[in-house]
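Trainee: Hey, dropping target35.tsv in here, TSV, N, CA and C atoms:
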chain	number	residue	atom	x	y	z
J	2	MET	N	-67.85	108.46	62.27
J	2	MET	CA	-67.91	109.88	62.58
J	2	MET	C	-68.73	110.61	61.53
J	3	GLU	N	-69.43	111.60	62.00
J	3	GLU	CA	-70.22	112.41	61.09
J	3	GLU	C	-69.29	113.27	60.23
J	4	PRO	N	-69.49	113.26	58.92
J	4	PRO	CA	-68.64	114.08	58.06
J	4	PRO	C	-68.97	115.57	58.21
J	5	SER	N	-67.98	116.39	57.94
J	5	SER	CA	-68.16	117.85	57.98
J	5	SER	C	-68.64	118.34	56.62
J	6	ALA	N	-69.62	119.20	56.65
J	6	ALA	CA	-70.15	119.77	55.41
J	6	ALA	C	-69.16	120.78	54.85
J	7	PRO	N	-69.06	120.84	53.52
J	7	PRO	CA	-68.20	121.85	52.93
J	7	PRO	C	-68.79	123.25	53.10
J	8	VAL	N	-67.93	124.23	53.05
J	8	VAL	CA	-68.36	125.63	53.16
J	8	VAL	C	-69.10	126.02	51.88
J	9	PRO	N	-70.24	126.70	51.99
J	9	PRO	CA	-70.93	127.16	50.78
J	9	PRO	C	-70.04	128.12	49.99
J	10	VAL	N	-70.21	128.10	48.68
J	10	VAL	CA	-69.37	128.93	47.80
J	10	VAL	C	-70.24	129.85	46.95
J	11	ASP	N	-69.61	130.91	46.45
J	11	ASP	CA	-70.26	131.86	45.54
J	11	ASP	C	-69.77	131.54	44.13
J	12	GLY	N	-70.63	130.97	43.33
J	12	GLY	CA	-70.26	130.58	41.98
J	12	GLY	C	-69.76	131.72	41.12
J	13	ALA	N	-70.19	132.93	41.39
J	13	ALA	CA	-69.76	134.09	40.60
J	13	ALA	C	-68.30	134.43	40.86
J	14	ALA	N	-67.79	134.07	42.03
J	14	ALA	CA	-66.44	134.47	42.41
J	14	ALA	C	-65.40	133.37	42.19
J	15	LEU	N	-65.81	132.22	41.68
J	15	LEU	CA	-64.89	131.09	41.56
J	15	LEU	C	-64.34	130.93	40.15
J	16	SER	N	-63.12	130.40	40.09
J	16	SER	CA	-62.55	129.99	38.81
J	16	SER	C	-63.14	128.62	38.47
J	17	GLU	N	-62.88	128.15	37.27
J	17	GLU	CA	-63.37	126.83	36.87
J	17	GLU	C	-62.82	125.75	37.79
J	18	ASP	N	-61.54	125.80	38.10
J	18	ASP	CA	-60.93	124.80	38.98
J	18	ASP	C	-61.53	124.85	40.38
J	19	GLN	N	-61.78	126.05	40.88
J	19	GLN	CA	-62.39	126.19	42.20
J	19	GLN	C	-63.81	125.64	42.22
J	20	MET	N	-64.54	125.87	41.12
J	20	MET	CA	-65.90	125.37	41.02
J	20	MET	C	-65.90	123.85	40.99
J	21	ARG	N	-64.97	123.27	40.23
J	21	ARG	CA	-64.85	121.81	40.19
J	21	ARG	C	-64.51	121.25	41.57
J	22	ALA	N	-63.60	121.92	42.27
J	22	ALA	CA	-63.21	121.48	43.61
J	22	ALA	C	-64.39	121.56	44.58
J	23	ALA	N	-65.16	122.63	44.49
J	23	ALA	CA	-66.32	122.80	45.37
J	23	ALA	C	-67.37	121.72	45.08
J	24	ALA	N	-67.59	121.44	43.82
J	24	ALA	CA	-68.55	120.39	43.45
J	24	ALA	C	-68.05	119.03	43.94
J	25	GLY	N	-66.76	118.80	43.81
J	25	GLY	CA	-66.18	117.55	44.29
J	25	GLY	C	-66.31	117.42	45.80
J	26	ALA	N	-66.11	118.52	46.51
J	26	ALA	CA	-66.25	118.50	47.97
J	26	ALA	C	-67.69	118.18	48.37
J	27	ALA	N	-68.63	118.75	47.65
J	27	ALA	CA	-70.04	118.48	47.94
J	27	ALA	C	-70.38	117.02	47.66
J	28	ARG	N	-69.91	116.50	46.52
J	28	ARG	CA	-70.16	115.09	46.21
J	28	ARG	C	-69.51	114.18	47.26
J	29	GLY	N	-68.30	114.54	47.68
J	29	GLY	CA	-67.61	113.76	48.70
J	29	GLY	C	-68.37	113.75	50.02
J	30	PHE	N	-68.86	114.91	50.42
J	30	PHE	CA	-69.64	115.00	51.65
J	30	PHE	C	-70.89	114.13	51.56
J	31	ILE	N	-71.57	114.19	50.44
J	31	ILE	CA	-72.80	113.41	50.27
J	31	ILE	C	-72.48	111.92	50.33
J	32	ALA	N	-71.41	111.49	49.69
J	32	ALA	CA	-71.01	110.08	49.74
J	32	ALA	C	-70.62	109.66	51.15
J	33	GLN	N	-69.86	110.51	51.85
J	33	GLN	CA	-69.47	110.20	53.23
J	33	GLN	C	-70.70	110.15	54.14
J	34	SER	N	-71.67	110.99	53.85
J	34	SER	CA	-72.90	110.99	54.64
J	34	SER	C	-73.68	109.70	54.45
J	35	ASP	N	-73.67	109.18	53.23
J	35	ASP	CA	-74.34	107.90	52.97
J	35	ASP	C	-73.70	106.79	53.82
J	36	VAL	N	-72.38	106.79	53.88
J	36	VAL	CA	-71.66	105.80	54.70
J	36	VAL	C	-71.99	106.00	56.18
J	37	TYR	N	-71.98	107.25	56.62
J	37	TYR	CA	-72.30	107.57	58.01
J	37	TYR	C	-73.70	107.07	58.37
J	38	GLN	N	-74.67	107.34	57.51
J	38	GLN	CA	-76.04	106.91	57.79
J	38	GLN	C	-76.14	105.38	57.80
J	39	ALA	N	-75.40	104.71	56.94
J	39	ALA	CA	-75.40	103.24	56.93
J	39	ALA	C	-74.80	102.71	58.24
J	40	CYS	N	-73.76	103.36	58.73
J	40	CYS	CA	-73.15	102.95	60.01
J	40	CYS	C	-74.14	103.13	61.16
J	41	LEU	N	-74.86	104.23	61.14
J	41	LEU	CA	-75.86	104.46	62.17
J	41	LEU	C	-76.95	103.39	62.12
J	42	ALA	N	-77.39	103.05	60.92
J	42	ALA	CA	-78.40	102.00	60.76
J	42	ALA	C	-77.87	100.66	61.27
J	43	ASP	N	-76.60	100.37	60.97
J	43	ASP	CA	-76.00	99.13	61.45
J	43	ASP	C	-75.94	99.10	62.97
J	44	ALA	N	-75.59	100.22	63.58
J	44	ALA	CA	-75.52	100.30	65.05
J	44	ALA	C	-76.90	100.08	65.66
J	45	LEU	N	-77.91	100.67	65.05
J	45	LEU	CA	-79.26	100.51	65.55
J	45	LEU	C	-79.72	99.06	65.41
J	46	ASN	N	-79.46	98.46	64.26
J	46	ASN	CA	-79.85	97.07	64.05
J	46	ASN	C	-79.11	96.13	65.00
J	47	ALA	N	-77.84	96.41	65.25
J	47	ALA	CA	-77.08	95.59	66.19
J	47	ALA	C	-77.64	95.70	67.60
J	48	ALA	N	-78.00	96.91	68.00
J	48	ALA	CA	-78.58	97.11	69.34
J	48	ALA	C	-79.92	96.39	69.47
J	49	LYS	N	-80.71	96.45	68.41
J	49	LYS	CA	-82.00	95.75	68.42
J	49	LYS	C	-81.79	94.24	68.52
J	50	ALA	N	-80.85	93.72	67.74
J	50	ALA	CA	-80.57	92.28	67.75
J	50	ALA	C	-80.05	91.84	69.12
J	51	GLN	N	-79.19	92.64	69.72
J	51	GLN	CA	-78.65	92.31	71.03
J	51	GLN	C	-79.76	92.29	72.08
J	52	ALA	N	-80.62	93.30	72.04
J	52	ALA	CA	-81.73	93.36	72.99
J	52	ALA	C	-82.64	92.15	72.84
J	53	THR	N	-82.90	91.77	71.60
J	53	THR	CA	-83.76	90.63	71.33
J	53	THR	C	-83.10	89.34	71.83
J	54	SER	N	-81.81	89.17	71.54
J	54	SER	CA	-81.13	87.94	71.94
J	54	SER	C	-81.00	87.82	73.45
J	55	GLU	N	-80.95	88.95	74.14
J	55	GLU	CA	-80.84	88.95	75.59
J	55	GLU	C	-82.20	89.00	76.27
J	56	GLY	N	-83.26	89.09	75.45
J	56	GLY	CA	-84.60	89.15	76.00
J	56	GLY	C	-84.89	90.44	76.75
J	57	LYS	N	-84.19	91.48	76.41
J	57	LYS	CA	-84.37	92.77	77.07
J	57	LYS	C	-85.15	93.71	76.16
J	58	PRO	N	-85.83	94.68	76.74
J	58	PRO	CA	-86.52	95.66	75.90
J	58	PRO	C	-85.50	96.57	75.21
J	59	ARG	N	-85.89	97.05	74.04
J	59	ARG	CA	-85.02	98.00	73.34
J	59	ARG	C	-85.01	99.32	74.08
J	60	ASP	N	-83.91	100.03	73.93
J	60	ASP	CA	-83.78	101.35	74.56
J	60	ASP	C	-84.35	102.39	73.61
J	61	PRO	N	-85.53	102.91	73.90
J	61	PRO	CA	-86.16	103.87	72.98
J	61	PRO	C	-85.35	105.17	72.84
J	62	ALA	N	-84.63	105.56	73.88
J	62	ALA	CA	-83.83	106.79	73.80
J	62	ALA	C	-82.67	106.60	72.83
J	63	PHE	N	-82.05	105.42	72.85
J	63	PHE	CA	-80.95	105.15	71.92
J	63	PHE	C	-81.47	105.18	70.48
J	64	GLU	N	-82.59	104.50	70.25
J	64	GLU	CA	-83.18	104.47	68.92
J	64	GLU	C	-83.56	105.88	68.45
J	65	ALA	N	-84.17	106.66	69.32
J	65	ALA	CA	-84.56	108.02	68.96
J	65	ALA	C	-83.34	108.87	68.65
J	66	GLY	N	-82.26	108.68	69.41
J	66	GLY	CA	-81.03	109.43	69.16
J	66	GLY	C	-80.42	109.10	67.81
J	67	ILE	N	-80.40	107.82	67.47
J	67	ILE	CA	-79.86	107.40	66.16
J	67	ILE	C	-80.72	107.97	65.04
J	68	LEU	N	-82.02	107.85	65.17
J	68	LEU	CA	-82.92	108.35	64.11
J	68	LEU	C	-82.81	109.87	63.97
J	69	ALA	N	-82.59	110.57	65.07
J	69	ALA	CA	-82.42	112.03	65.00
J	69	ALA	C	-81.12	112.38	64.27
J	70	LYS	N	-80.06	111.62	64.52
J	70	LYS	CA	-78.79	111.86	63.83
J	70	LYS	C	-78.94	111.62	62.33
J	71	VAL	N	-79.64	110.55	61.95
J	71	VAL	CA	-79.87	110.27	60.53
J	71	VAL	C	-80.67	111.40	59.89
J	72	ALA	N	-81.72	111.84	60.55
J	72	ALA	CA	-82.56	112.90	59.99
J	72	ALA	C	-81.78	114.20	59.84
J	73	ALA	N	-80.98	114.54	60.84
J	73	ALA	CA	-80.20	115.78	60.77
J	73	ALA	C	-79.17	115.71	59.65
J	74	ASN	N	-78.52	114.56	59.50
J	74	ASN	CA	-77.52	114.43	58.44
J	74	ASN	C	-78.19	114.46	57.07
J	75	GLN	N	-79.36	113.84	56.95
J	75	GLN	CA	-80.07	113.86	55.67
J	75	GLN	C	-80.45	115.28	55.29
J	76	LYS	N	-80.91	116.04	56.26
J	76	LYS	CA	-81.28	117.44	56.00
J	76	LYS	C	-80.05	118.24	55.55
J	77	LEU	N	-78.90	117.99	56.19
J	77	LEU	CA	-77.67	118.67	55.82
J	77	LEU	C	-77.23	118.26	54.42
J	78	LYS	N	-77.37	116.98	54.08
J	78	LYS	CA	-77.04	116.52	52.72
J	78	LYS	C	-77.86	117.28	51.68
J	79	GLU	N	-79.14	117.41	51.95
J	79	GLU	CA	-80.03	118.10	51.02
J	79	GLU	C	-79.64	119.57	50.90
J	80	LYS	N	-79.27	120.18	52.02
J	80	LYS	CA	-78.85	121.59	52.02
J	80	LYS	C	-77.58	121.76	51.20
J	81	VAL	N	-76.60	120.89	51.41
J	81	VAL	CA	-75.34	120.97	50.67
J	81	VAL	C	-75.60	120.78	49.18
J	82	GLY	N	-76.46	119.83	48.83
J	82	GLY	CA	-76.79	119.60	47.43
J	82	GLY	C	-77.44	120.82	46.79
J	83	ALA	N	-78.37	121.42	47.51
J	83	ALA	CA	-79.05	122.62	46.98
J	83	ALA	C	-78.06	123.78	46.84
J	84	GLU	N	-77.18	123.94	47.82
J	84	GLU	CA	-76.20	125.03	47.77
J	84	GLU	C	-75.24	124.88	46.59
J	85	ILE	N	-74.74	123.68	46.36
J	85	ILE	CA	-73.78	123.52	45.27
J	85	ILE	C	-74.50	123.63	43.93
J	86	ASN	N	-75.72	123.15	43.84
J	86	ASN	CA	-76.47	123.32	42.59
J	86	ASN	C	-76.72	124.79	42.30
J	87	ALA	N	-77.05	125.56	43.32
J	87	ALA	CA	-77.25	127.00	43.13
J	87	ALA	C	-75.94	127.67	42.71
J	88	ALA	N	-74.84	127.29	43.35
J	88	ALA	CA	-73.53	127.87	43.00
J	88	ALA	C	-73.15	127.54	41.57
J	89	ILE	N	-73.43	126.32	41.14
J	89	ILE	CA	-73.13	125.93	39.76
J	89	ILE	C	-73.97	126.76	38.79
J	90	GLY	N	-75.24	126.96	39.13
J	90	GLY	CA	-76.10	127.79	38.29
J	90	GLY	C	-75.58	129.21	38.17
J	91	VAL	N	-75.15	129.79	39.27
J	91	VAL	CA	-74.59	131.15	39.26
J	91	VAL	C	-73.29	131.16	38.47
J	92	TYR	N	-72.47	130.14	38.66
J	92	TYR	CA	-71.20	130.06	37.92
J	92	TYR	C	-71.47	130.06	36.41
J	93	LYS	N	-72.41	129.24	35.98
J	93	LYS	CA	-72.72	129.14	34.56
J	93	LYS	C	-73.24	130.48	34.02
J	94	LYS	N	-74.12	131.14	34.75
J	94	LYS	CA	-74.64	132.43	34.30
J	94	LYS	C	-73.55	133.50	34.24
J	95	THR	N	-72.62	133.43	35.16
J	95	THR	CA	-71.57	134.43	35.26
J	95	THR	C	-70.43	134.20	34.26
J	96	HIS	N	-70.04	132.95	34.11
J	96	HIS	CA	-68.82	132.65	33.35
J	96	HIS	C	-69.05	132.04	31.98
J	97	LEU	N	-70.21	131.53	31.72
J	97	LEU	CA	-70.44	130.84	30.43
J	97	LEU	C	-71.48	131.57	29.61
J	98	LYS	N	-71.16	132.79	29.26
J	98	LYS	CA	-72.10	133.62	28.48
J	98	LYS	C	-71.87	133.42	27.01
Here is the file; what I need is its structure written in the form of structure tokens.
Mentor:
Amino acid sequence: MEPSAPVPVDGAALSEDQMRAAAGAARGFIAQSDVYQACLADALNAAKAQATSEGKPRDPAFEAGILAKVAANQKLKEKVGAEINAAIGVYKKTHLK
């Protein structure tokens, strides 16, 4: 299953514990996304192997769908990473003067 992205946070409004929790949630999402993408790759490779062993052509729509899911999840991972890094930067400017 595709993991759910954490809600973006405002680093200026968070306590230290909340900031740590938000960073942990972002790291967790990114790790879960890596597993999700690996599962998608495994499914694609299995479908290719099955098609080859059965002498059938690969289903280009299935492959395109898998690759689209990987690309969308990768883009979301990058967005979550950028958001938490920005929140950490704001947190540091606001709370660590």
Trainee: Just checking: using only C-alpha atoms, which residue out of J:Leu97, J:Glu79, J:Leu41, J:Tyr92 ends up closest to Asp11 (chain J)?
Mentor: J:Tyr92
Trainee: So how far away is CA of Ala72 (chain J) from CA of Ser5 (chain J), in Å?
Mentor: 15.4 Å
Trainee: Take the point (-67.1, 122.9, 41.3) as written in the file and pick out every residue within 10 Å of it, counting only C-alpha atoms; give the list as a PDB file with N, CA and C atoms, keeping the file's coordinate frame.
Mentor:
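Done, and the output landed in result_21.pdb:
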ATOM      1  N   VAL J  10     -70.210 128.100  48.680  1.00  0.00           N
ATOM      2  CA  VAL J  10     -69.370 128.930  47.800  1.00  0.00           C
ATOM      3  C   VAL J  10     -70.240 129.850  46.950  1.00  0.00           C
ATOM      4  N   GLY J  12     -70.630 130.970  43.330  1.00  0.00           N
ATOM      5  CA  GLY J  12     -70.260 130.580  41.980  1.00  0.00           C
ATOM      6  C   GLY J  12     -69.760 131.720  41.120  1.00  0.00           C
ATOM      7  N   LEU J  15     -65.810 132.220  41.680  1.00  0.00           N
ATOM      8  CA  LEU J  15     -64.890 131.090  41.560  1.00  0.00           C
ATOM      9  C   LEU J  15     -64.340 130.930  40.150  1.00  0.00           C
ATOM     10  N   SER J  16     -63.120 130.400  40.090  1.00  0.00           N
ATOM     11  CA  SER J  16     -62.550 129.990  38.810  1.00  0.00           C
ATOM     12  C   SER J  16     -63.140 128.620  38.470  1.00  0.00           C
ATOM     13  N   GLU J  17     -62.880 128.150  37.270  1.00  0.00           N
ATOM     14  CA  GLU J  17     -63.370 126.830  36.870  1.00  0.00           C
ATOM     15  C   GLU J  17     -62.820 125.750  37.790  1.00  0.00           C
ATOM     16  N   ASP J  18     -61.540 125.800  38.100  1.00  0.00           N
ATOM     17  CA  ASP J  18     -60.930 124.800  38.980  1.00  0.00           C
ATOM     18  C   ASP J  18     -61.530 124.850  40.380  1.00  0.00           C
ATOM     19  N   GLN J  19     -61.780 126.050  40.880  1.00  0.00           N
ATOM     20  CA  GLN J  19     -62.390 126.190  42.200  1.00  0.00           C
ATOM     21  C   GLN J  19     -63.810 125.640  42.220  1.00  0.00           C
ATOM     22  N   MET J  20     -64.540 125.870  41.120  1.00  0.00           N
ATOM     23  CA  MET J  20     -65.900 125.370  41.020  1.00  0.00           C
ATOM     24  C   MET J  20     -65.900 123.850  40.990  1.00  0.00           C
ATOM     25  N   ARG J  21     -64.970 123.270  40.230  1.00  0.00           N
ATOM     26  CA  ARG J  21     -64.850 121.810  40.190  1.00  0.00           C
ATOM     27  C   ARG J  21     -64.510 121.250  41.570  1.00  0.00           C
ATOM     28  N   ALA J  22     -63.600 121.920  42.270  1.00  0.00           N
ATOM     29  CA  ALA J  22     -63.210 121.480  43.610  1.00  0.00           C
ATOM     30  C   ALA J  22     -64.390 121.560  44.580  1.00  0.00           C
ATOM     31  N   ALA J  23     -65.160 122.630  44.490  1.00  0.00           N
ATOM     32  CA  ALA J  23     -66.320 122.800  45.370  1.00  0.00           C
ATOM     33  C   ALA J  23     -67.370 121.720  45.080  1.00  0.00           C
ATOM     34  N   ALA J  24     -67.590 121.440  43.820  1.00  0.00           N
ATOM     35  CA  ALA J  24     -68.550 120.390  43.450  1.00  0.00           C
ATOM     36  C   ALA J  24     -68.050 119.030  43.940  1.00  0.00           C
ATOM     37  N   GLY J  25     -66.760 118.800  43.810  1.00  0.00           N
ATOM     38  CA  GLY J  25     -66.180 117.550  44.290  1.00  0.00           C
ATOM     39  C   GLY J  25     -66.310 117.420  45.800  1.00  0.00           C
ATOM     40  N   ALA J  26     -66.110 118.520  46.510  1.00  0.00           N
ATOM     41  CA  ALA J  26     -66.250 118.500  47.970  1.00  0.00           C
ATOM     42  C   ALA J  26     -67.690 118.180  48.370  1.00  0.00           C
ATOM     43  N   ALA J  27     -68.630 118.750  47.650  1.00  0.00           N
ATOM     44  CA  ALA J  27     -70.040 118.480  47.940  1.00  0.00           C
ATOM     45  C   ALA J  27     -70.380 117.020  47.660  1.00  0.00           C
ATOM     46  N   ARG J  28     -69.910 116.500  46.520  1.00  0.00           N
ATOM     47  CA  ARG J  28     -70.160 115.090  46.210  1.00  0.00           C
ATOM     48  C   ARG J  28     -69.510 114.180  47.260  1.00  0.00           C
ATOM     49  N   ILE J  85     -74.740 123.680  46.360  1.00  0.00           N
ATOM     50  CA  ILE J  85     -73.780 123.520  45.270  1.00  0.00           C
ATOM     51  C   ILE J  85     -74.500 123.630  43.930  1.00  0.00           C
ATOM     52  N   ASN J  86     -75.720 123.150  43.840  1.00  0.00           N
ATOM     53  CA  ASN J  86     -76.470 123.320  42.590  1.00  0.00           C
ATOM     54  C   ASN J  86     -76.720 124.790  42.300  1.00  0.00           C
ATOM     55  N   ALA J  88     -74.840 127.290  43.350  1.00  0.00           N
ATOM     56  CA  ALA J  88     -73.530 127.870  43.000  1.00  0.00           C
ATOM     57  C   ALA J  88     -73.150 127.540  41.570  1.00  0.00           C
ATOM     58  N   ILE J  89     -73.430 126.320  41.140  1.00  0.00           N
ATOM     59  CA  ILE J  89     -73.130 125.930  39.760  1.00  0.00           C
ATOM     60  C   ILE J  89     -73.970 126.760  38.790  1.00  0.00           C
ATOM     61  N   TYR J  92     -72.470 130.140  38.660  1.00  0.00           N
ATOM     62  CA  TYR J  92     -71.200 130.060  37.920  1.00  0.00           C
ATOM     63  C   TYR J  92     -71.470 130.060  36.410  1.00  0.00           C
TER      64      TYR J  92
END
Trainee: Near Leu77 (chain J), counting all atoms listed in the file, which residues have an atom at most 8 Å away, once you skip same-chain residues fewer than 6 positions from it, shown as a PyMOL selection string?
Mentor: chain J and resi 6+31+71+83
Trainee: Would you please extract all helix (DSSP H, G or I) residues from region 38-70 of chain J, as assigned by DSSP on the backbone, and give them as number ranges by chain?
Mentor: J: 38-54, 61-70
Trainee: Determine the nearest neighbour of Ala62 (chain J) from the options J:Cys40, J:Ala32, J:Leu45, J:Ala50, counting only C-alpha atoms.
Mentor: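 Nearest candidate to Ala62 (chain J) out of J:Cys40, J:Ala32, J:Leu45, J:Ala50: J:Leu45.
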Trainee: To one decimal place in Å, what is the distance between atom C of Gln33 (chain J) and atom N of Gln75 (chain J)?
Mentor: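 Rounded to one decimal, the two atoms are 9.8 Å apart.
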Trainee: From the set J:Lys78, J:Lys49, J:Arg59, J:Lys94, which residue has the shortest atom-to-atom contact distance to Phe30 (chain J), counting all atoms listed in the file?
Mentor: J:Lys78
Trainee: Rounded to one decimal in Å, what is the spacing between CA of Phe63 (chain J) and atom N of Gly82 (chain J)?
Mentor: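 Value for the CA of Phe63 (chain J)-atom N of Gly82 (chain J) distance: 27.7 Å.
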Trainee: For Asp43 (chain J), work out the shell of residues within 12 Å, counting only C-alpha atoms and skipping chain neighbours fewer than 5 positions away, then give it as a list of chain:residue names.
Mentor: J:Val36, J:Tyr37, J:Gln38, J:Ala48, J:Lys49, J:Ala50, J:Glu64, J:Ile67, J:Leu68, J:Val71
